[in-house]
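Participant: My structure is below; once you've seen it, I'll send some questions.
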Amino acid sequence: MQSILGIETSCDETGVALYQAGAGIVSERVYTQANHAQYGGVVPELASRDHLRKLPGMVDEVLKEAQMAPTDLDAIAYTKGPGLAGALLVGASTAVSMATALGIPSIPVHHMEGHLLSPLLDDPIPDVPFVALLVSGGHTMLVEVQALGSYRLLGETLDDAAGEAFDKTARLLGLGFPGGHLVAQLAESGDAHRFDFPRPMVNRPGLDFSFSGLKTHTRQLIARSQPADYCDIAAGFELAVVDTLVHKCRRALKHTRLERLVVAGGVSANQRLRAALDKALPGQVYYPRQTLCTDNGAMIAWAGWHRRHEGQMSGHIEVKPRWPLDELPPLMSADR
Ligand code: KG4
Ligand code: ZN
């Protein structure tokens, strides 16, 4: 049975997981760095240091939980990019040096392909072709997936990512960082229709997004509001993002004449988004399990399993902080 260790260190989550062919994810750990909250955003140098401190122990724990020794591994996958250069280097150097010492392949993985493939870990598994909506803290994009591994960008954000807009709103509302789930929590007790919010770009053709106007609108509204209004503001903001995403997803399916939609990345954890998409496109939408929406090692191990044919054993440590998804070569096989 093939066993692949996955290591994720692209931003502020250290993720390690073990994927076994036929069995799925057999053990995993995610550590979310808390030291960035006081700065209101991820501080790259602190992120690298924290990955360095945490990663070796987490690799040991994941192997121990699976009752495996390093020598039982068949390959080690790691996030090569996109992400923070220093943070990526910690994962890449750990993975490549371990793999070289063990004489097994190390497999560089594209972080967004990790997100994109994460819904395929669980039933029901969407058949290709499909459209993927990738919504995270760093990216918002619609991708046409005619075959696994070949990705055509249909649209992306012209400014802030959807998760970034959530995080900025959280900061304005005095919540923590990252704040997407905190805005969602606060929104639960709010009236989403009390204040008017713009639906950015929905009246313009095309599949691009823009969230900076919504951010400015929210900032101005908060400046003239009382804390008692914050739950209504959170709810109105969340609904504006959700409506915009749903609108563009429907348009992307129509444009490509495809029927299935895969949604992944941190914002895919949002319950209001899931409910709105399920209502607009019943039976057509596929999500990762809740714990695999935000960054994790499982999606990297799983994408590494798909990419294993291109594995390298060169001991060459390379990261790619900027890496367009449509530059990836097609995948050779998609078996489990
Ligand atoms: O995919 P991810 O872990 O990291 C990147 O690759 O960027 O996504 C993190 C983003 C953050 O911006 C976070 O606020 C957002 O996902 N997020 C959410 C929710 N959970 C996480 N946004 C809205 N609602 C949520 N429940
Ligand atoms: Zn991510």
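In the structure tokens, the first chain shown is A, the next is B, and so on; residue numbers restart at 1 for each chain, and ligands run from 1 in the order shown.
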Quick one: residues within 12 Å of Arg308 of chain A, only C-alpha atoms counted, chain neighbours fewer than 5 positions away excluded, as a list of chain:residue names?

Facilitator: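 Skipping anything fewer than 5 positions along the chain leaves A:Gln2, A:Ser3, A:Ile4, A:Leu5, A:Gly6, A:Asp74, A:Ala75, A:Ile76, A:Ala77, A:Tyr78, A:Ile104, A:Pro105, A:Ser106, A:Ile107, A:Pro108, A:Val109, A:Ile300, A:Ala301, A:Trp302, A:Ala303, A:Met313, A:Leu331, A:Met332, A:Ser333, A:Ala334, A:Asp335.
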
Participant: Go ahead and save the picked residues with N, CA and C atoms, as a PDB file, in the first residue's frame.

Facilitator:
```
ATOM      1  N   GLN A   2       0.684   2.108  -1.003  1.00  0.00           N
ATOM      2  CA  GLN A   2       1.505   3.322  -1.120  1.00  0.00           C
ATOM      3  C   GLN A   2       1.166   4.328  -0.022  1.00  0.00           C
ATOM      4  N   SER A   3       2.178   4.861   0.638  1.00  0.00           N
ATOM      5  CA  SER A   3       1.963   5.855   1.694  1.00  0.00           C
ATOM      6  C   SER A   3       2.702   7.142   1.355  1.00  0.00           C
ATOM      7  N   ILE A   4       1.961   8.234   1.341  1.00  0.00           N
ATOM      8  CA  ILE A   4       2.563   9.531   1.016  1.00  0.00           C
ATOM      9  C   ILE A   4       2.361  10.513   2.157  1.00  0.00           C
ATOM     10  N   LEU A   5       3.462  11.093   2.596  1.00  0.00           N
ATOM     11  CA  LEU A   5       3.386  12.119   3.627  1.00  0.00           C
ATOM     12  C   LEU A   5       3.202  13.472   2.934  1.00  0.00           C
ATOM     13  N   GLY A   6       2.305  14.310   3.442  1.00  0.00           N
ATOM     14  CA  GLY A   6       2.080  15.645   2.860  1.00  0.00           C
ATOM     15  C   GLY A   6       2.466  16.717   3.849  1.00  0.00           C
ATOM     16  N   ASP A  74       6.542   5.963   1.049  1.00  0.00           N
ATOM     17  CA  ASP A  74       6.889   5.781  -0.363  1.00  0.00           C
ATOM     18  C   ASP A  74       7.249   7.094  -1.052  1.00  0.00           C
ATOM     19  N   ALA A  75       6.752   8.211  -0.513  1.00  0.00           N
ATOM     20  CA  ALA A  75       7.061   9.524  -1.098  1.00  0.00           C
ATOM     21  C   ALA A  75       6.679  10.604  -0.099  1.00  0.00           C
ATOM     22  N   ILE A  76       7.253  11.793  -0.306  1.00  0.00           N
ATOM     23  CA  ILE A  76       6.894  12.938   0.542  1.00  0.00           C
ATOM     24  C   ILE A  76       6.509  14.111  -0.367  1.00  0.00           C
ATOM     25  N   ALA A  77       5.265  14.565  -0.201  1.00  0.00           N
ATOM     26  CA  ALA A  77       4.779  15.706  -0.991  1.00  0.00           C
ATOM     27  C   ALA A  77       4.868  16.966  -0.143  1.00  0.00           C
ATOM     28  N   TYR A  78       5.142  18.076  -0.799  1.00  0.00           N
ATOM     29  CA  TYR A  78       5.230  19.351  -0.069  1.00  0.00           C
ATOM     30  C   TYR A  78       4.725  20.476  -0.958  1.00  0.00           C
ATOM     31  N   ILE A 104      13.571   8.088  -1.357  1.00  0.00           N
ATOM     32  CA  ILE A 104      12.222   8.058  -1.959  1.00  0.00           C
ATOM     33  C   ILE A 104      11.961   9.399  -2.662  1.00  0.00           C
ATOM     34  N   PRO A 105      10.966   9.450  -3.561  1.00  0.00           N
ATOM     35  CA  PRO A 105      10.708  10.712  -4.273  1.00  0.00           C
ATOM     36  C   PRO A 105      10.142  11.797  -3.369  1.00  0.00           C
ATOM     37  N   SER A 106      10.501  13.038  -3.668  1.00  0.00           N
ATOM     38  CA  SER A 106       9.795  14.173  -3.070  1.00  0.00           C
ATOM     39  C   SER A 106       8.952  14.779  -4.183  1.00  0.00           C
ATOM     40  N   ILE A 107       7.737  15.174  -3.833  1.00  0.00           N
ATOM     41  CA  ILE A 107       6.790  15.603  -4.872  1.00  0.00           C
ATOM     42  C   ILE A 107       6.357  17.047  -4.609  1.00  0.00           C
ATOM     43  N   PRO A 108       6.761  17.981  -5.490  1.00  0.00           N
ATOM     44  CA  PRO A 108       6.334  19.377  -5.313  1.00  0.00           C
ATOM     45  C   PRO A 108       4.875  19.549  -5.713  1.00  0.00           C
ATOM     46  N   VAL A 109       4.103  20.229  -4.883  1.00  0.00           N
ATOM     47  CA  VAL A 109       2.663  20.374  -5.126  1.00  0.00           C
ATOM     48  C   VAL A 109       2.292  21.854  -5.198  1.00  0.00           C
ATOM     49  N   ILE A 300      -2.311  18.262   0.495  1.00  0.00           N
ATOM     50  CA  ILE A 300      -1.010  18.217  -0.186  1.00  0.00           C
ATOM     51  C   ILE A 300      -0.587  16.757  -0.412  1.00  0.00           C
ATOM     52  N   ALA A 301      -0.842  15.909   0.590  1.00  0.00           N
ATOM     53  CA  ALA A 301      -0.549  14.478   0.410  1.00  0.00           C
ATOM     54  C   ALA A 301      -1.402  13.914  -0.737  1.00  0.00           C
ATOM     55  N   TRP A 302      -2.659  14.295  -0.770  1.00  0.00           N
ATOM     56  CA  TRP A 302      -3.623  13.805  -1.771  1.00  0.00           C
ATOM     57  C   TRP A 302      -3.261  14.311  -3.172  1.00  0.00           C
ATOM     58  N   ALA A 303      -2.918  15.601  -3.285  1.00  0.00           N
ATOM     59  CA  ALA A 303      -2.485  16.125  -4.587  1.00  0.00           C
ATOM     60  C   ALA A 303      -1.157  15.483  -4.971  1.00  0.00           C
ATOM     61  N   MET A 313      13.702  13.051  -7.281  1.00  0.00           N
ATOM     62  CA  MET A 313      14.553  12.551  -6.207  1.00  0.00           C
ATOM     63  C   MET A 313      15.882  13.270  -6.234  1.00  0.00           C
ATOM     64  N   LEU A 331      -2.440  15.879 -15.511  1.00  0.00           N
ATOM     65  CA  LEU A 331      -2.142  14.736 -14.641  1.00  0.00           C
ATOM     66  C   LEU A 331      -2.231  13.439 -15.436  1.00  0.00           C
ATOM     67  N   MET A 332      -1.377  12.495 -15.067  1.00  0.00           N
ATOM     68  CA  MET A 332      -1.378  11.232 -15.810  1.00  0.00           C
ATOM     69  C   MET A 332      -2.471  10.272 -15.354  1.00  0.00           C
ATOM     70  N   SER A 333      -2.713  10.203 -14.035  1.00  0.00           N
ATOM     71  CA  SER A 333      -3.752   9.279 -13.595  1.00  0.00           C
ATOM     72  C   SER A 333      -4.478   9.853 -12.409  1.00  0.00           C
ATOM     73  N   ALA A 334      -5.700   9.424 -12.239  1.00  0.00           N
ATOM     74  CA  ALA A 334      -6.487   9.991 -11.152  1.00  0.00           C
ATOM     75  C   ALA A 334      -7.081   8.881 -10.284  1.00  0.00           C
ATOM     76  N   ASP A 335      -6.471   7.686 -10.321  1.00  0.00           N
ATOM     77  CA  ASP A 335      -6.994   6.574  -9.524  1.00  0.00           C
ATOM     78  C   ASP A 335      -6.780   6.838  -8.033  1.00  0.00           C
TER      79      ASP A 335
END
```

Participant: Just want the 9 Å neighbourhood of Leu186 of chain A, counted on only C-alpha atoms, with same-chain residues fewer than 3 positions away dropped. Output as a list in words.

Facilitator: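 Once the adjacent positions are removed, what remains is His181, Leu182, Val183, Ser189, Gly190, Tyr230, Cys231, Asp232, Ala234 and Ala235 of chain A.
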
Participant: Since we have the selection now, will you write its residues out, keeping all heavy atoms, as a tab-separated table (two decimals), in the first residue's frame?

Facilitator:
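Result file is part39.tsv:
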```tsv
chain	number	residue	atom	x	y	z
A	181	HIS	N	-14.25	33.16	9.88
A	181	HIS	CA	-15.23	32.38	10.64
A	181	HIS	C	-15.84	33.20	11.78
A	181	HIS	O	-16.97	32.97	12.17
A	181	HIS	CB	-14.59	31.08	11.16
A	181	HIS	CG	-13.54	31.31	12.20
A	181	HIS	ND1	-12.31	31.88	11.91
A	181	HIS	CD2	-13.51	31.08	13.53
A	181	HIS	CE1	-11.60	31.98	13.00
A	181	HIS	NE2	-12.30	31.51	14.01
A	182	LEU	N	-15.11	34.24	12.25
A	182	LEU	CA	-15.64	35.10	13.32
A	182	LEU	C	-16.71	36.05	12.78
A	182	LEU	O	-17.73	36.29	13.44
A	182	LEU	CB	-14.50	35.89	13.97
A	182	LEU	CG	-13.40	35.02	14.60
A	182	LEU	CD1	-12.21	35.87	15.02
A	182	LEU	CD2	-13.95	34.24	15.79
A	183	VAL	N	-16.50	36.55	11.56
A	183	VAL	CA	-17.53	37.37	10.91
A	183	VAL	C	-18.78	36.50	10.71
A	183	VAL	O	-19.90	36.92	10.98
A	183	VAL	CB	-17.03	37.93	9.55
A	183	VAL	CG1	-18.16	38.62	8.79
A	183	VAL	CG2	-15.87	38.89	9.76
A	189	SER	N	-26.40	36.13	14.25
A	189	SER	CA	-27.45	36.82	15.01
A	189	SER	C	-27.84	38.15	14.36
A	189	SER	O	-28.54	38.96	14.98
A	189	SER	CB	-26.99	37.04	16.44
A	189	SER	OG	-25.74	37.70	16.43
A	190	GLY	N	-27.37	38.39	13.13
A	190	GLY	CA	-27.64	39.68	12.49
A	190	GLY	C	-28.74	39.62	11.44
A	190	GLY	O	-29.14	38.55	10.99
A	230	TYR	N	-23.11	45.85	14.80
A	230	TYR	CA	-22.07	45.07	14.13
A	230	TYR	C	-22.57	43.72	13.60
A	230	TYR	O	-22.12	43.25	12.57
A	230	TYR	CB	-20.86	44.87	15.06
A	230	TYR	CG	-19.99	46.09	15.22
A	230	TYR	CD1	-20.36	47.32	14.67
A	230	TYR	CD2	-18.78	46.02	15.91
A	230	TYR	CE1	-19.55	48.45	14.81
A	230	TYR	CE2	-17.96	47.15	16.05
A	230	TYR	CZ	-18.36	48.36	15.51
A	230	TYR	OH	-17.56	49.46	15.65
A	231	CYS	N	-23.50	43.10	14.33
A	231	CYS	CA	-23.96	41.80	13.82
A	231	CYS	C	-24.74	41.97	12.51
A	231	CYS	O	-24.64	41.14	11.60
A	231	CYS	CB	-24.74	41.01	14.87
A	231	CYS	SG	-26.12	41.88	15.55
A	232	ASP	N	-25.49	43.07	12.39
A	232	ASP	CA	-26.23	43.32	11.14
A	232	ASP	C	-25.25	43.65	10.00
A	232	ASP	O	-25.47	43.27	8.85
A	232	ASP	CB	-27.20	44.48	11.32
A	232	ASP	CG	-28.30	44.16	12.34
A	232	ASP	OD1	-28.57	42.96	12.55
A	232	ASP	OD2	-28.85	45.10	12.94
A	234	ALA	N	-22.09	42.57	9.84
A	234	ALA	CA	-21.43	41.30	9.49
A	234	ALA	C	-22.33	40.47	8.57
A	234	ALA	O	-21.88	39.92	7.56
A	234	ALA	CB	-21.08	40.51	10.75
A	235	ALA	N	-23.61	40.41	8.91
A	235	ALA	CA	-24.55	39.60	8.12
A	235	ALA	C	-24.74	40.18	6.73
A	235	ALA	O	-24.76	39.44	5.72
A	235	ALA	CB	-25.89	39.51	8.85
```

Participant: What residues of the protein or nucleic acid chains come within 9 Å of ligand 1 when you use only C-alpha atoms and all ligand atoms? Reply as a PyMOL selection string.

Facilitator: chain A and resi 10-13+82-83+111-112+115+134-139+161-168+170+177-185+238+264-273+292-296

Participant: So which bits of segment 114-326 of chain A end up helix (DSSP H, G or I) when you DSSP the backbone, as JSON, numbers by chain?

Facilitator: {"A": [114, 115, 116, 117, 118, 119, 120, 121, 162, 163, 164, 165, 166, 167, 168, 169, 170, 171, 172, 180, 181, 182, 183, 184, 185, 186, 187, 212, 213, 214, 215, 216, 217, 218, 219, 220, 221, 222, 223, 227, 228, 229, 230, 231, 232, 233, 234, 235, 236, 237, 238, 239, 240, 241, 242, 243, 244, 245, 246, 247, 248, 249, 250, 251, 252, 253, 254, 255, 256, 266, 267, 268, 269, 271, 272, 273, 274, 275, 276, 277, 278, 279, 280, 290, 291, 292, 298, 299, 300, 301, 302, 303, 304, 305, 306, 307, 308, 309, 310, 325, 326]}

Participant: Excluding segment 53-61 of chain A and its own-chain neighbours fewer than 6 positions away, which residues fall within 7 Å of it when counting only C-alpha atoms? Please give them as a PyMOL selection string.

Facilitator: chain A and resi 14+16+29

Participant: Fewer than 4 positions away in the same chain doesn't count, so skip those; otherwise give me all residues within 12 Å of segment 197-204 of chain A, counting only C-alpha atoms, as JSON, numbers by chain.

Facilitator: {"A": [155, 156, 157, 158, 159, 160, 162, 192, 193, 208, 209, 210, 211, 212, 213, 214, 215, 216, 217, 218, 219, 220, 221, 232, 233, 234, 235, 236, 237, 238, 239, 240, 241, 242, 243, 244, 245, 246, 247, 248, 249, 250, 251]}

Participant: Just want the 10 Å neighbourhood of His316 of chain A, counted on only C-alpha atoms, with same-chain residues fewer than 2 positions away dropped. Output as a tab-separated table (two decimals) with C-alpha atoms, in the first residue's frame.

Facilitator:
```tsv
chain	number	residue	atom	x	y	z
A	92	ALA	CA	10.43	22.13	0.96
A	93	SER	CA	13.78	21.66	2.69
A	96	VAL	CA	13.36	17.06	0.18
A	97	SER	CA	16.06	16.30	2.75
A	100	THR	CA	16.71	12.16	-0.11
A	106	SER	CA	9.80	14.17	-3.07
A	312	GLN	CA	11.76	14.18	-8.18
A	313	MET	CA	14.55	12.55	-6.21
A	314	SER	CA	17.15	15.08	-7.17
A	318	GLU	CA	12.94	24.75	-5.04
A	319	VAL	CA	10.00	26.93	-4.11
```
